[in-house]
Amino acid sequence: MIKKILDIKNLTVTFDGFQALNNLNFTMDIGELRVIIGPNGAGKTTFLDVITGKVQPTTGKVLFRGKNLMKIPEHKIACMGIGRKFQTPRIYLNLTVRENLDLIINRQKGVIATLFRKVPSAEIR
């Protein structure tokens, strides 16, 4: 049985000579919750971009449930259930709080379902 859900080994990311991550090691066990905090420029976004497949590291490995993510395209990583939430919330300012919540209730939550779902005419304004 795989105990670690995420295992990152010796991760380095360099952009045009700037080292955003330097030999980072990080693990998460199944059921564990971790929070990544730090000042601007500390590498938090780069770290998440590597895990989600948006950025390829200069060196190192990212293992999710024992599978190396480095050779898997970003969209396939998303299909594995790895995603991220951006800092800026996406709400519709012209809708009420209730209407914004109604948009997400009782919907399939997967990436594919979200991209290709049919929008009822009642939701189009």
# chains A, B, ... in the order shown; residues from 1 in each chain; ligands from 1
$ select_by_dssp --residues "stretch 28-103 of chain A" --states "strand (DSSP E)" --output "ChimeraX atom specification"
/A:28-29,59-64,67-68
$ residues_around --residues "A:Lys67" --least-positions-apart "3" --cutoff "12 Å" --atoms "only C-alpha atoms" --output "ChimeraX atom specification"
/A:2,4-8,51,61-64,70-72,77,80
$ write_last_selection --atoms "C-alpha atoms" --output "CSV table (one decimal), in the first residue's frame"
chain,number,residue,atom,x,y,z
A,2,ILE,CA,1.3,3.5,-0.9
A,4,LYS,CA,2.6,8.8,0.5
A,5,ILE,CA,0.2,10.5,-1.8
A,6,LEU,CA,2.7,13.1,-2.8
A,7,ASP,CA,6.5,12.7,-2.8
A,8,ILE,CA,8.7,15.4,-4.2
A,51,ILE,CA,2.7,19.6,-9.4
A,61,LYS,CA,10.9,14.2,-9.3
A,62,VAL,CA,7.2,14.6,-8.4
A,63,LEU,CA,5.5,11.3,-7.5
A,64,PHE,CA,1.7,11.2,-7.0
A,70,MET,CA,7.1,14.6,-15.0
A,71,LYS,CA,6.2,12.9,-18.3
A,72,ILE,CA,2.4,13.3,-18.0
A,77,ILE,CA,-2.7,15.3,-14.4
A,80,MET,CA,-6.0,12.3,-12.0
$ closest_atom_pairs --of "stretch 37-91 of chain A" --to "stretch 14-24 of chain A" --cutoff "12 Å" --atoms "only C-alpha atoms" --output "CSV"
residue,atom,partner,partner_atom,distance
A:Asn40,CA,A:Ala20,CA,11.4
A:Gly41,CA,A:Ala20,CA,7.8
A:Ala42,CA,A:Ala20,CA,7.3
A:Gly43,CA,A:Ala20,CA,5.4
A:Lys44,CA,A:Leu21,CA,8.9
A:Thr45,CA,A:Ala20,CA,9.6
A:Thr46,CA,A:Ala20,CA,7.0
A:Phe47,CA,A:Leu21,CA,7.4
A:Leu48,CA,A:Leu21,CA,11.2
A:Asp49,CA,A:Leu21,CA,11.5
A:Val50,CA,A:Leu21,CA,10.3
A:Val55,CA,A:Phe15,CA,10.3
A:Gln56,CA,A:Thr14,CA,9.7
A:Pro57,CA,A:Thr14,CA,7.5
A:Thr58,CA,A:Thr14,CA,6.1
A:Thr59,CA,A:Asn23,CA,8.2
A:Gly60,CA,A:Asn23,CA,7.6
A:Lys61,CA,A:Leu24,CA,9.9
A:Val62,CA,A:Leu24,CA,10.5
$ atom_distance --atom1 "atom CA of A:Lys9" --atom2 "atom CA of A:Thr52"
15.6 Å
$ atom_distance --atom1 "atom CA of A:Gly31" --atom2 "atom CA of A:Ala78"
19.3 Å
$ atom_distance --atom1 "atom CA of A:Asp102" --atom2 "atom CA of A:His75"
26.9 Å
$ closest_residue --among "A:Ile105, A:Gly53, A:Asn68, A:Asn100" --to "A:Ile82" --atoms "only C-alpha atoms"
A:Gly53
